[in-house]
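Okay, model-v2.cif is below, mmCIF, C-alpha atoms:
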```cif
data_target
loop_
_atom_site.label_atom_id
_atom_site.label_comp_id
_atom_site.auth_asym_id
_atom_site.auth_seq_id
_atom_site.Cartn_x
_atom_site.Cartn_y
_atom_site.Cartn_z
CA MET A 1 85.69 129.93 116.39
CA THR A 2 87.34 130.83 113.07
CA LEU A 3 89.10 128.22 110.97
CA TYR A 4 91.16 130.37 108.62
CA HIS A 5 93.73 133.15 108.62
CA ALA A 6 92.53 136.51 109.90
CA ALA A 7 92.65 137.88 106.34
CA THR A 8 89.67 135.67 105.49
CA TYR A 9 87.49 137.68 107.86
CA ASP A 10 88.92 141.14 107.13
CA PRO A 11 85.86 143.37 106.59
CA SER A 12 87.58 145.36 103.83
CA GLU A 13 85.91 144.99 100.46
CA VAL A 14 87.38 142.34 98.17
CA ASP A 15 89.16 143.39 94.98
CA SER A 16 87.12 141.16 92.69
CA LEU A 17 86.10 141.54 89.08
CA TRP A 18 82.53 142.02 90.30
CA ARG A 19 83.50 144.99 92.44
CA ALA A 20 85.40 146.49 89.49
CA THR A 21 82.45 146.13 87.09
CA ALA A 22 79.39 146.61 89.33
CA ALA A 23 77.01 149.52 89.08
CA PRO A 24 77.44 152.12 91.84
CA ALA A 25 76.32 150.87 95.24
CA THR A 26 73.67 152.41 97.44
CA ALA A 27 75.28 153.35 100.74
CA PHE A 28 73.53 152.25 103.92
CA GLY A 29 74.80 153.85 107.11
CA ALA A 30 75.94 152.07 110.23
CA LEU A 31 73.59 151.54 113.15
CA ASP A 32 73.63 154.58 115.43
CA GLY A 33 71.53 154.13 118.56
CA ASP A 34 69.07 151.51 119.72
CA LEU A 35 66.15 150.09 117.75
CA ASP A 36 63.28 147.72 118.34
CA ALA A 37 62.20 145.27 115.66
CA GLU A 38 59.96 142.27 115.26
CA VAL A 39 62.75 140.50 113.36
CA ALA A 40 66.48 141.19 113.26
CA ILE A 41 68.64 139.65 110.53
CA ILE A 42 72.37 139.05 110.87
CA GLY A 43 73.98 139.11 107.44
CA GLY A 44 73.46 141.26 104.35
CA GLY A 45 73.81 138.65 101.62
CA TYR A 46 71.26 136.78 99.54
CA THR A 47 69.67 134.92 102.45
CA GLY A 48 69.31 137.88 104.77
CA LEU A 49 68.19 140.37 102.13
CA SER A 50 65.74 137.93 100.57
CA ALA A 51 64.30 137.33 104.02
CA ALA A 52 64.05 141.09 104.63
CA LEU A 53 62.46 141.72 101.24
CA HIS A 54 59.89 138.94 101.58
CA LEU A 55 59.09 139.88 105.17
CA ALA A 56 58.31 143.44 104.08
CA ARG A 57 56.66 142.71 100.75
CA ASP A 58 54.68 139.60 101.62
CA HIS A 59 54.12 139.81 105.38
CA GLY A 60 54.22 143.51 106.28
CA VAL A 61 57.15 143.04 108.68
CA HIS A 62 59.95 145.60 108.46
CA ALA A 63 63.03 143.77 109.65
CA VAL A 64 66.39 145.22 110.62
CA VAL A 65 69.41 143.87 108.71
CA LEU A 66 72.85 144.09 110.32
CA GLU A 67 75.80 143.60 107.95
CA ALA A 68 79.33 143.50 109.33
CA SER A 69 80.90 145.05 106.24
CA ALA A 70 79.35 146.31 103.00
CA ILE A 71 76.30 144.70 101.41
CA GLY A 72 77.43 141.62 99.49
CA TRP A 73 80.85 141.49 101.18
CA GLY A 74 80.69 137.72 101.67
CA ALA A 75 79.87 134.90 99.27
CA SER A 76 76.91 136.77 97.78
CA GLY A 77 79.21 139.35 96.20
CA ARG A 78 82.11 137.04 95.35
CA ASN A 79 80.64 133.91 93.75
CA GLY A 80 80.70 132.87 90.10
CA GLY A 81 77.19 134.13 89.37
CA PHE A 82 75.66 130.71 88.64
CA CYS A 83 71.91 130.80 89.27
CA VAL A 84 71.20 127.09 88.85
CA PRO A 85 69.28 124.27 90.57
CA GLY A 86 71.29 122.92 93.47
CA GLY A 87 72.18 123.32 97.10
CA ALA A 88 73.14 119.79 98.17
CA LYS A 89 76.44 117.96 97.91
CA ILE A 90 74.79 114.57 97.41
CA SER A 91 73.08 113.27 94.29
CA LEU A 92 69.32 113.06 93.93
CA ALA A 93 69.59 109.27 93.94
CA ALA A 94 71.58 109.32 97.19
CA MET A 95 69.04 111.72 98.66
CA ALA A 96 66.20 109.38 97.71
CA SER A 97 68.03 106.47 99.32
CA ARG A 98 68.66 108.43 102.52
CA HIS A 99 65.42 110.38 102.88
CA GLY A 100 62.91 108.71 100.57
CA GLU A 101 61.83 109.39 97.01
CA ASP A 102 59.09 111.86 97.92
CA GLU A 103 61.55 114.00 99.88
CA ALA A 104 64.06 113.90 97.04
CA ARG A 105 61.41 114.98 94.54
CA ARG A 106 60.32 117.78 96.86
CA PHE A 107 63.89 119.00 97.10
CA PHE A 108 64.38 118.90 93.34
CA ASP A 109 61.15 120.84 92.84
CA LEU A 110 62.44 123.40 95.35
CA THR A 111 65.70 123.84 93.42
CA LEU A 112 63.80 124.53 90.20
CA ALA A 113 61.48 126.96 91.97
CA ALA A 114 64.48 128.73 93.50
CA VAL A 115 65.85 129.60 90.07
CA GLY A 116 62.40 130.86 89.09
CA ARG A 117 62.23 132.99 92.22
CA VAL A 118 65.47 134.77 91.33
CA GLY A 119 64.22 135.42 87.81
CA ALA A 120 60.96 136.80 89.16
CA LEU A 121 62.78 139.08 91.59
CA LEU A 122 64.98 140.46 88.81
CA ALA A 123 61.82 141.34 86.87
CA ASP A 124 59.51 142.42 89.69
CA GLU A 125 62.07 144.54 91.54
CA ALA A 126 63.81 145.90 88.40
CA ILE A 127 67.21 144.50 89.38
CA ALA A 128 69.76 144.86 86.57
CA ALA A 129 72.17 141.92 86.95
CA ALA A 130 73.13 141.05 83.34
CA PRO A 131 71.39 137.66 83.14
CA GLN A 132 72.84 135.13 80.68
CA PRO A 133 70.33 132.36 79.84
CA GLY A 134 71.17 128.83 78.79
CA GLY A 135 71.25 126.59 81.84
CA GLU A 136 74.36 124.85 83.14
CA LEU A 137 76.62 122.27 81.53
CA THR A 138 78.61 119.69 83.51
CA LEU A 139 81.64 118.50 81.54
CA ALA A 140 83.09 115.03 82.11
CA HIS A 141 86.76 115.09 83.08
CA SER A 142 87.14 111.40 82.14
CA ARG A 143 85.34 108.71 80.18
CA LYS A 144 84.34 107.12 83.47
CA ALA A 145 82.86 110.42 84.59
CA LEU A 146 80.84 110.64 81.37
CA GLY A 147 79.28 107.30 82.21
CA ALA A 148 78.40 108.61 85.66
CA LEU A 149 76.74 111.66 84.09
CA ALA A 150 74.67 109.39 81.84
CA ARG A 151 73.53 107.42 84.88
CA GLU A 152 72.67 110.66 86.68
CA ARG A 153 70.54 111.74 83.71
CA ASP A 154 68.64 108.45 83.81
CA GLU A 155 68.18 108.58 87.59
CA ILE A 156 66.70 112.08 87.45
CA VAL A 157 64.31 111.15 84.66
CA ALA A 158 63.18 108.04 86.54
CA LEU A 159 62.71 109.81 89.86
CA HIS A 160 61.40 113.19 88.74
CA GLY A 161 60.79 113.24 84.99
CA HIS A 162 63.14 116.18 84.51
CA VAL A 163 65.19 115.84 81.32
CA ARG A 164 68.86 116.77 80.92
CA GLU A 165 70.72 116.52 77.62
CA LEU A 166 73.84 114.39 77.19
CA LEU A 167 76.30 115.92 74.70
CA SER A 168 79.17 114.30 72.82
CA PRO A 169 82.54 116.01 72.26
CA ASP A 170 81.53 116.72 68.67
CA ALA A 171 78.28 118.35 69.81
CA LEU A 172 80.22 120.46 72.30
CA ARG A 173 82.59 121.63 69.58
CA GLU A 174 79.69 122.53 67.30
CA GLN A 175 78.18 124.64 70.09
CA GLY A 176 81.39 126.60 70.76
CA LEU A 177 82.32 124.62 73.88
CA HIS A 178 85.61 122.99 72.95
CA ALA A 179 88.28 122.24 75.53
CA PRO A 180 90.58 119.27 74.91
CA VAL A 181 90.47 117.83 78.43
CA PHE A 182 86.75 116.95 78.44
CA PHE A 183 84.92 113.86 77.14
CA GLY A 184 81.33 115.07 76.81
CA GLY A 185 78.80 116.74 79.05
CA LEU A 186 75.34 116.88 80.59
CA ARG A 187 73.26 120.03 80.22
CA GLU A 188 70.73 121.19 82.80
CA PRO A 189 68.35 123.49 80.86
CA VAL A 190 67.18 125.50 83.89
CA GLY A 191 69.37 128.33 85.09
CA PHE A 192 71.17 131.48 84.04
CA GLY A 193 74.28 133.47 84.83
CA LEU A 194 74.23 136.89 86.44
CA HIS A 195 76.41 139.58 88.00
CA PRO A 196 76.28 138.47 91.63
CA LEU A 197 77.24 141.77 93.24
CA ASP A 198 74.74 143.74 91.19
CA TYR A 199 72.12 141.18 92.19
CA VAL A 200 72.75 141.37 95.92
CA ARG A 201 72.90 145.16 95.84
CA GLY A 202 69.62 145.14 93.91
CA LEU A 203 68.07 142.96 96.61
CA ALA A 204 69.20 145.48 99.22
CA ARG A 205 67.66 148.38 97.35
CA ALA A 206 64.42 146.44 96.88
CA ALA A 207 64.24 145.48 100.56
CA ASP A 208 64.96 149.07 101.59
CA ARG A 209 62.32 150.38 99.23
CA ARG A 210 59.80 147.95 100.75
CA GLY A 211 60.54 149.17 104.28
CA ALA A 212 63.36 147.01 105.66
CA ARG A 213 66.00 148.89 107.65
CA ILE A 214 69.52 148.02 106.51
CA PHE A 215 72.75 148.89 108.29
CA GLU A 216 76.22 148.29 106.90
CA HIS A 217 79.46 148.18 108.90
CA SER A 218 77.41 147.07 111.88
CA ALA A 219 78.93 143.81 113.05
CA VAL A 220 77.12 142.15 115.92
CA THR A 221 79.61 142.04 118.79
CA ALA A 222 77.40 140.61 121.53
CA TRP A 223 74.08 138.77 121.73
CA ARG A 224 72.08 138.24 124.88
CA ARG A 225 68.53 137.84 126.11
CA GLU A 226 66.85 140.85 127.64
CA GLY A 227 63.33 140.62 129.00
CA GLY A 228 62.30 137.78 126.72
CA ARG A 229 63.75 139.47 123.65
CA HIS A 230 67.07 139.28 121.86
CA ARG A 231 69.55 142.13 122.18
CA LEU A 232 72.10 142.35 119.37
CA GLU A 233 74.86 144.84 120.13
CA THR A 234 77.05 146.61 117.60
CA ALA A 235 79.71 149.30 117.95
CA GLY A 236 77.11 152.00 117.32
CA GLY A 237 74.01 150.71 119.06
CA ALA A 238 71.78 147.71 119.62
CA VAL A 239 68.71 146.04 118.15
CA ARG A 240 66.09 144.45 120.40
CA ALA A 241 64.04 141.88 118.51
CA GLY A 242 61.56 139.13 119.13
CA LYS A 243 63.15 136.89 116.51
CA VAL A 244 66.59 136.64 114.94
CA ILE A 245 67.48 135.23 111.52
CA VAL A 246 71.11 134.18 111.16
CA ALA A 247 72.08 134.47 107.49
CA THR A 248 75.86 134.47 107.41
CA GLY A 249 76.78 131.29 105.49
CA GLY A 250 80.42 130.31 105.78
CA TYR A 251 81.08 133.33 107.99
CA LEU A 252 78.79 132.05 110.75
CA PRO A 253 79.62 133.98 113.97
CA GLU A 254 79.79 130.93 116.22
CA ALA A 255 81.05 132.82 119.27
CA LEU A 256 77.91 134.96 119.44
CA ASN A 257 75.52 132.19 120.38
CA PRO A 258 76.36 128.69 121.67
CA GLY A 259 73.55 127.30 119.55
CA LEU A 260 75.47 128.18 116.38
CA ALA A 261 78.72 126.40 117.20
CA GLY A 262 79.97 123.62 114.93
CA ARG A 263 77.07 123.76 112.48
CA VAL A 264 78.90 124.34 109.18
CA LEU A 265 82.25 123.66 107.57
CA PRO A 266 83.52 126.72 105.68
CA ILE A 267 85.46 125.90 102.50
CA LEU A 268 87.49 128.24 100.32
CA SER A 269 86.41 128.84 96.75
CA ASN A 270 88.71 130.73 94.37
CA ILE A 271 88.25 132.60 91.09
CA ILE A 272 90.48 134.10 88.43
CA ALA A 273 89.27 136.30 85.59
CA THR A 274 90.97 137.34 82.36
CA ARG A 275 90.99 140.52 80.37
CA PRO A 276 88.31 140.59 77.62
CA LEU A 277 89.04 138.00 74.96
CA THR A 278 88.76 139.02 71.32
CA SER A 279 86.49 137.12 68.94
CA ALA A 280 89.58 135.71 67.26
CA GLU A 281 90.97 134.45 70.58
CA GLN A 282 87.69 132.78 71.40
CA ALA A 283 87.62 131.13 67.98
CA ASP A 284 91.23 129.93 68.35
CA GLN A 285 90.25 127.97 71.44
CA GLY A 286 86.90 126.92 70.00
CA TRP A 287 85.08 128.42 72.99
CA THR A 288 82.57 131.09 72.00
CA SER A 289 79.57 130.13 74.15
CA THR A 290 78.43 132.01 77.25
CA GLN A 291 77.13 128.73 78.71
CA MET A 292 77.69 128.30 82.46
CA VAL A 293 79.93 125.29 82.97
CA CYS A 294 81.34 123.17 85.75
CA ASP A 295 83.35 119.97 85.50
CA SER A 296 82.62 116.61 87.06
CA ARG A 297 85.48 116.61 89.56
CA ALA A 298 84.75 116.38 93.27
CA LEU A 299 87.10 119.38 93.61
CA LEU A 300 85.26 120.99 90.76
CA HIS A 301 86.14 123.85 88.47
CA TYR A 302 83.45 126.26 87.27
CA PHE A 303 83.75 128.73 84.44
CA ARG A 304 81.89 130.97 82.00
CA LEU A 305 82.48 133.52 79.27
CA LEU A 306 81.08 136.81 80.53
CA PRO A 307 79.09 139.37 78.49
CA ASP A 308 82.13 141.62 78.08
CA GLY A 309 84.33 138.78 76.79
CA ARG A 310 86.24 138.12 79.99
CA PHE A 311 86.61 134.51 81.07
CA LEU A 312 85.91 133.52 84.67
CA PHE A 313 87.49 130.32 86.01
CA GLY A 314 86.95 129.11 89.56
CA GLY A 315 87.90 126.17 91.71
CA ARG A 316 87.37 124.78 95.20
CA GLY A 317 90.07 123.99 97.70
CA GLY A 318 92.90 125.39 99.75
CA LEU A 319 93.48 125.11 103.47
CA GLY A 320 95.32 128.37 104.11
CA ASP A 321 94.46 131.99 103.48
CA ASP A 322 97.65 133.79 104.40
CA PRO A 323 99.42 135.65 101.54
CA SER A 324 101.69 132.72 100.61
CA ALA A 325 98.78 130.27 100.53
CA ARG A 326 96.79 132.64 98.36
CA ALA A 327 99.67 132.98 95.90
CA ALA A 328 100.15 129.22 95.76
CA PHE A 329 96.49 128.53 95.03
CA ARG A 330 96.36 131.26 92.41
CA ALA A 331 99.27 129.58 90.64
CA ARG A 332 97.55 126.20 90.88
CA LEU A 333 94.25 127.53 89.57
CA THR A 334 96.01 129.34 86.72
CA ALA A 335 97.78 126.11 85.74
CA ASP A 336 94.43 124.28 85.69
CA PHE A 337 92.97 127.04 83.51
CA HIS A 338 95.86 126.82 81.05
CA LYS A 339 95.58 123.04 80.86
CA ALA A 340 91.89 123.24 80.00
CA PHE A 341 92.23 126.22 77.64
CA PRO A 342 95.73 126.07 76.13
CA ALA A 343 95.03 128.69 73.47
CA TRP A 344 94.73 131.28 76.23
CA ARG A 345 98.04 130.68 77.99
CA GLU A 346 99.28 134.17 77.14
CA VAL A 347 96.06 135.98 78.05
CA ASP A 348 96.45 138.31 81.02
CA ILE A 349 94.69 137.36 84.24
CA THR A 350 93.47 140.58 85.78
CA HIS A 351 91.76 139.43 88.98
CA PHE A 352 92.03 136.73 91.63
CA TRP A 353 89.83 136.50 94.71
CA ARG A 354 88.49 133.93 97.11
CA GLY A 355 85.94 133.47 99.87
CA LEU A 356 84.03 130.92 101.90
CA VAL A 357 81.19 128.61 100.93
CA ASP A 358 79.64 126.42 103.61
CA LEU A 359 78.91 122.71 103.91
CA SER A 360 76.79 120.89 106.46
CA ALA A 361 77.65 117.56 108.03
CA ASP A 362 74.72 115.90 106.23
CA LEU A 363 75.53 117.66 102.92
CA VAL A 364 72.11 119.30 102.46
CA PRO A 365 70.92 122.87 103.04
CA HIS A 366 68.98 123.87 106.14
CA CYS A 367 66.26 126.39 106.92
CA ALA A 368 65.03 126.00 110.49
CA ALA A 369 64.84 127.19 114.07
CA LEU A 370 67.50 126.13 116.52
CA GLU A 371 66.61 123.26 118.84
CA GLY A 372 64.67 124.53 121.81
CA ASP A 373 64.42 128.14 120.60
CA ALA A 374 61.90 128.87 117.86
CA SER A 375 62.88 132.55 117.97
CA VAL A 376 66.30 131.91 116.36
CA LEU A 377 66.19 130.85 112.71
CA VAL A 378 69.14 129.76 110.58
CA GLY A 379 69.52 129.44 106.82
CA CYS A 380 72.79 128.00 105.56
CA ALA A 381 74.79 125.23 103.83
CA TYR A 382 74.14 125.82 100.14
CA HIS A 383 77.27 123.90 99.08
CA GLY A 384 78.26 126.45 96.45
CA SER A 385 74.80 126.93 94.90
CA GLY A 386 73.76 129.91 96.95
CA VAL A 387 72.50 132.32 94.28
CA SER A 388 69.24 130.43 93.92
CA MET A 389 69.05 128.40 97.13
CA ALA A 390 69.96 131.28 99.46
CA THR A 391 67.34 133.47 97.80
CA GLU A 392 64.73 130.74 98.21
CA THR A 393 65.79 130.02 101.78
CA GLY A 394 65.44 133.69 102.66
CA ALA A 395 61.84 133.65 101.45
CA GLN A 396 61.15 130.49 103.47
CA LEU A 397 62.78 131.99 106.58
CA ALA A 398 60.49 135.00 106.22
CA ALA A 399 57.48 132.67 106.27
CA LEU A 400 58.83 130.80 109.30
CA ALA A 401 59.43 134.07 111.12
CA VAL A 402 55.75 134.97 110.90
CA GLY A 403 54.57 131.51 111.88
CA GLN A 404 53.55 130.19 108.47
CA GLN A 405 53.89 126.63 107.23
CA VAL A 406 56.72 125.97 104.77
CA ASP A 407 55.35 122.96 102.96
CA ALA A 408 57.69 123.42 99.98
CA LEU A 409 60.65 122.45 102.13
CA PRO A 410 61.59 118.79 102.50
CA ASP A 411 61.62 117.61 106.09
CA PHE A 412 65.41 117.30 106.24
CA MET A 413 65.77 121.02 105.50
CA ARG A 414 63.35 121.92 108.30
CA ARG A 415 65.87 120.85 110.91
CA PRO A 416 68.89 122.88 111.98
CA PRO A 417 72.18 121.64 110.58
CA PRO A 418 73.65 118.90 112.78
CA ARG A 419 76.85 119.69 114.59
CA PHE A 420 80.08 118.26 113.31
CA PRO A 421 81.56 115.82 115.83
CA LEU A 422 84.51 117.46 117.60
CA PRO A 423 83.99 120.69 115.64
CA GLY A 424 87.40 122.01 116.61
CA LEU A 425 88.84 119.40 114.25
CA ARG A 426 86.86 120.56 111.22
CA LYS A 427 89.93 121.78 109.38
CA LEU A 428 91.51 118.35 109.78
CA TYR A 429 88.33 116.81 108.38
CA LEU A 430 88.61 119.19 105.46
CA ALA A 431 92.25 118.32 104.83
CA GLY A 432 91.33 114.63 104.71
CA ALA A 433 88.36 115.30 102.45
CA ILE A 434 90.44 117.36 100.00
CA ALA A 435 93.07 114.63 99.83
CA GLY A 436 90.39 112.00 99.26
CA TYR A 437 88.63 114.08 96.60
CA ALA A 438 91.91 114.72 94.78
CA LEU A 439 92.60 110.98 94.70
CA SER A 440 89.06 110.27 93.49
CA ASP A 441 89.37 112.88 90.74
CA ARG A 442 92.58 111.27 89.56
CA PHE A 443 91.14 107.76 89.21
CA ASN A 444 87.49 108.45 88.29
#
```
Starting from the file, give its structure as structure tokens.
Amino acid sequence: MTLYHAATYDPSEVDSLWRATAAPATAFGALDGDLDAEVAIIGGGYTGLSAALHLARDHGVHAVVLEASAIGWGASGRNGGFCVPGGAKISLAAMASRHGEDEARRFFDLTLAAVGRVGALLADEAIAAAPQPGGELTLAHSRKALGALARERDEIVALHGHVRELLSPDALREQGLHAPVFFGGLREPVGFGLHPLDYVRGLARAADRRGARIFEHSAVTAWRREGGRHRLETAGGAVRAGKVIVATGGYLPEALNPGLAGRVLPILSNIIATRPLTSAEQADQGWTSTQMVCDSRALLHYFRLLPDGRFLFGGRGGLGDDPSARAAFRARLTADFHKAFPAWREVDITHFWRGLVDLSADLVPHCAALEGDASVLVGCAYHGSGVSMATETGAQLAALAVGQQVDALPDFMRRPPPRFPLPGLRKLYLAGAIAGYALSDRFN
């Protein structure tokens, strides 16, 4: 089932800043005829293309990738370009309480390795994606939130030994990170920004060069078993495969396979971008840093100054995706931007776009076979941190597909995402969650 307006799933390319500024794409034709493959991959984003690349490069398996639109059409080509440690919607302390300290440490190690994997791929596969080093800064939206960030720093040091830096408002101002609505911040030193569409297109070229077969505009319309193998049908042909990797994130095609139903909750994320800011305009606001930043709200904002001087400002939320709902959320996001950066109230906003990120019921990512069918693998639920975690998950899915152990994964990731109870009510759950988060953000 689909939870949003039909426009959310329109396969036309999105008019984002990334599309406007990306290097020319490599065109991959649509599937025409029938093929046999050891592994078929549904979805041409970070997860699917990382899986295809690692299958070919590391395991000698030349998978077939089926993308419903153009490469990077979904979240992989629309996100804010934050390559940072993450992937779960719960804190490390909560994870330790729920799953044990060893599992929490293993997960944190995985998130750090995931960022390293992206950096290595950029270098090894010569992918030009305009990386901006410097880690990620979380800014406190209240004094109470600053205290929570200090506790988070202490918890991570105690559990893992990883050090994050707590910054005062004066230190932020000195580093060119002044916005009047924040009370301090916590810097994670690992991570970098990038051009997400250039990155995903680079992954596609690398996978193709290594021997993967990639087909765009080849939506899977039917999926059935045929002689012990999977048959994935598209408008132009079919792929018969021994194993299938489902790598579609918030656009999970639940109707194709009953085993996929109710596994994730898709949530809208929204971004505006300005024209390039002059040096004088940046100085007027006191914001000259290219640091990646998010705030401490549950319905968080995320933002960064891009290499060409444009400012990107994103935010989660919204229940509708029809034209009126889009316009309303754009106005809301613009108002939030102006409140945080009042010196830029008159700066033109040139782009607005949105798309789906995905959450799991247990608020952690998953990389596993479906129950009772080891030939169907799913990687999903990155909770808005998909640049690194989707890339890492793709590599782990490749190992699973060839029967290898995946010891780097914590046990809770090696299970398929649990189904939401009464999944037809997921949008109601989301409405309640957004209302609760908004209230929490107001009083915390």
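Residue neighbourhood of Ser12 of chain A, excluding near-sequence residues (fewer than 2 positions): Ala6, Ala7, Thr8, Tyr9, Asp10, Val14, Asp15, Ser16, Ala68, Ser69, Ala70, Ile71, Gly72, Trp73, Gly74 and His217 of chain A, at 12 Å, using all atoms listed in the file.
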Review point. What gap, in Å, lies between atom CA of Val364 of chain A and atom CA of His383 of chain A?
Key: 7.7 Å
Check your understanding: Could you list as a list in words every residue that has an atom within 10 Å of (76.4, 149.0, 109.3), using the file's coordinates and counting all atoms listed in the file?
Key -> Ala27, Phe28, Gly29, Ala30, Leu31, Asp32, Gly44, Val65, Leu66, Glu67, Ala68, Ser69, Ala70, Ile71, Ile214, Phe215, Glu216, His217, Ser218, Ala219, Val220, Thr234, Ala235 and Gly236 of chain A
Output file for the selection above: C-alpha atoms, as a PDB file, in the frame of the given file:
```
ATOM      1  CA  ALA A  27      75.280 153.350 100.740  1.00  0.00           C
ATOM      2  CA  PHE A  28      73.530 152.250 103.920  1.00  0.00           C
ATOM      3  CA  GLY A  29      74.800 153.850 107.110  1.00  0.00           C
ATOM      4  CA  ALA A  30      75.940 152.070 110.230  1.00  0.00           C
ATOM      5  CA  LEU A  31      73.590 151.540 113.150  1.00  0.00           C
ATOM      6  CA  ASP A  32      73.630 154.580 115.430  1.00  0.00           C
ATOM      7  CA  GLY A  44      73.460 141.260 104.350  1.00  0.00           C
ATOM      8  CA  VAL A  65      69.410 143.870 108.710  1.00  0.00           C
ATOM      9  CA  LEU A  66      72.850 144.090 110.320  1.00  0.00           C
ATOM     10  CA  GLU A  67      75.800 143.600 107.950  1.00  0.00           C
ATOM     11  CA  ALA A  68      79.330 143.500 109.330  1.00  0.00           C
ATOM     12  CA  SER A  69      80.900 145.050 106.240  1.00  0.00           C
ATOM     13  CA  ALA A  70      79.350 146.310 103.000  1.00  0.00           C
ATOM     14  CA  ILE A  71      76.300 144.700 101.410  1.00  0.00           C
ATOM     15  CA  ILE A 214      69.520 148.020 106.510  1.00  0.00           C
ATOM     16  CA  PHE A 215      72.750 148.890 108.290  1.00  0.00           C
ATOM     17  CA  GLU A 216      76.220 148.290 106.900  1.00  0.00           C
ATOM     18  CA  HIS A 217      79.460 148.180 108.900  1.00  0.00           C
ATOM     19  CA  SER A 218      77.410 147.070 111.880  1.00  0.00           C
ATOM     20  CA  ALA A 219      78.930 143.810 113.050  1.00  0.00           C
ATOM     21  CA  VAL A 220      77.120 142.150 115.920  1.00  0.00           C
ATOM     22  CA  THR A 234      77.050 146.610 117.600  1.00  0.00           C
ATOM     23  CA  ALA A 235      79.710 149.300 117.950  1.00  0.00           C
ATOM     24  CA  GLY A 236      77.110 152.000 117.320  1.00  0.00           C
TER      25      GLY A 236
END
```
Review point. Within 7 Å of segment 302-317 of chain A, counting all atoms listed in the file, which residues qualify if same-chain residues fewer than 6 places away don't, as an MDAnalysis selection string?
Key: chainID A and resid 267:277 289:295 333 337
Based on the selection just made, write C-alpha atoms of those residues as a tab-separated table (two decimals), in the coordinates of the input.
```tsv
chain	number	residue	atom	x	y	z
A	267	ILE	CA	85.46	125.90	102.50
A	268	LEU	CA	87.49	128.24	100.32
A	269	SER	CA	86.41	128.84	96.75
A	270	ASN	CA	88.71	130.73	94.37
A	271	ILE	CA	88.25	132.60	91.09
A	272	ILE	CA	90.48	134.10	88.43
A	273	ALA	CA	89.27	136.30	85.59
A	274	THR	CA	90.97	137.34	82.36
A	275	ARG	CA	90.99	140.52	80.37
A	276	PRO	CA	88.31	140.59	77.62
A	277	LEU	CA	89.04	138.00	74.96
A	289	SER	CA	79.57	130.13	74.15
A	290	THR	CA	78.43	132.01	77.25
A	291	GLN	CA	77.13	128.73	78.71
A	292	MET	CA	77.69	128.30	82.46
A	293	VAL	CA	79.93	125.29	82.97
A	294	CYS	CA	81.34	123.17	85.75
A	295	ASP	CA	83.35	119.97	85.50
A	333	LEU	CA	94.25	127.53	89.57
A	337	PHE	CA	92.97	127.04	83.51
```
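Put simply, the PyMOL selection byres ((chain A and resi 188-190) around 8) in this file takes in A:Val84, A:Pro85, A:Leu112, A:Val115, A:Gly134, A:Gly135, A:Glu136, A:Leu137, A:Val163, A:Arg164, A:Glu165, A:Leu186, A:Arg187, A:Gly191, A:Phe192.
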For segment 50-60 of chain A, which lacks atoms in the input, supply N, CA and C atoms and format the output as a PDB file, in the frame of the given file.
```pdb
ATOM      1  N   SER A  50      66.972 138.551 101.055  1.00  0.00           N
ATOM      2  CA  SER A  50      65.740 137.930 100.570  1.00  0.00           C
ATOM      3  C   SER A  50      64.727 137.803 101.691  1.00  0.00           C
ATOM      4  N   ALA A  51      65.204 137.413 102.879  1.00  0.00           N
ATOM      5  CA  ALA A  51      64.300 137.330 104.020  1.00  0.00           C
ATOM      6  C   ALA A  51      63.703 138.703 104.334  1.00  0.00           C
ATOM      7  N   ALA A  52      64.538 139.737 104.330  1.00  0.00           N
ATOM      8  CA  ALA A  52      64.050 141.090 104.630  1.00  0.00           C
ATOM      9  C   ALA A  52      63.048 141.560 103.584  1.00  0.00           C
ATOM     10  N   LEU A  53      63.349 141.300 102.318  1.00  0.00           N
ATOM     11  CA  LEU A  53      62.460 141.720 101.240  1.00  0.00           C
ATOM     12  C   LEU A  53      61.120 140.995 101.334  1.00  0.00           C
ATOM     13  N   HIS A  54      61.152 139.691 101.526  1.00  0.00           N
ATOM     14  CA  HIS A  54      59.890 138.940 101.580  1.00  0.00           C
ATOM     15  C   HIS A  54      59.109 139.235 102.856  1.00  0.00           C
ATOM     16  N   LEU A  55      59.808 139.482 103.962  1.00  0.00           N
ATOM     17  CA  LEU A  55      59.090 139.880 105.170  1.00  0.00           C
ATOM     18  C   LEU A  55      58.320 141.172 104.938  1.00  0.00           C
ATOM     19  N   ALA A  56      58.957 142.145 104.304  1.00  0.00           N
ATOM     20  CA  ALA A  56      58.310 143.440 104.080  1.00  0.00           C
ATOM     21  C   ALA A  56      57.225 143.350 103.013  1.00  0.00           C
ATOM     22  N   ARG A  57      57.562 142.724 101.898  1.00  0.00           N
ATOM     23  CA  ARG A  57      56.660 142.710 100.750  1.00  0.00           C
ATOM     24  C   ARG A  57      55.460 141.795 100.960  1.00  0.00           C
ATOM     25  N   ASP A  58      55.714 140.617 101.539  1.00  0.00           N
ATOM     26  CA  ASP A  58      54.680 139.600 101.620  1.00  0.00           C
ATOM     27  C   ASP A  58      53.991 139.503 102.976  1.00  0.00           C
ATOM     28  N   HIS A  59      54.646 140.008 104.034  1.00  0.00           N
ATOM     29  CA  HIS A  59      54.120 139.810 105.380  1.00  0.00           C
ATOM     30  C   HIS A  59      53.980 141.117 106.177  1.00  0.00           C
ATOM     31  N   GLY A  60      54.367 142.237 105.601  1.00  0.00           N
ATOM     32  CA  GLY A  60      54.220 143.510 106.280  1.00  0.00           C
ATOM     33  C   GLY A  60      55.112 143.691 107.493  1.00  0.00           C
TER      34      GLY A  60
END
```
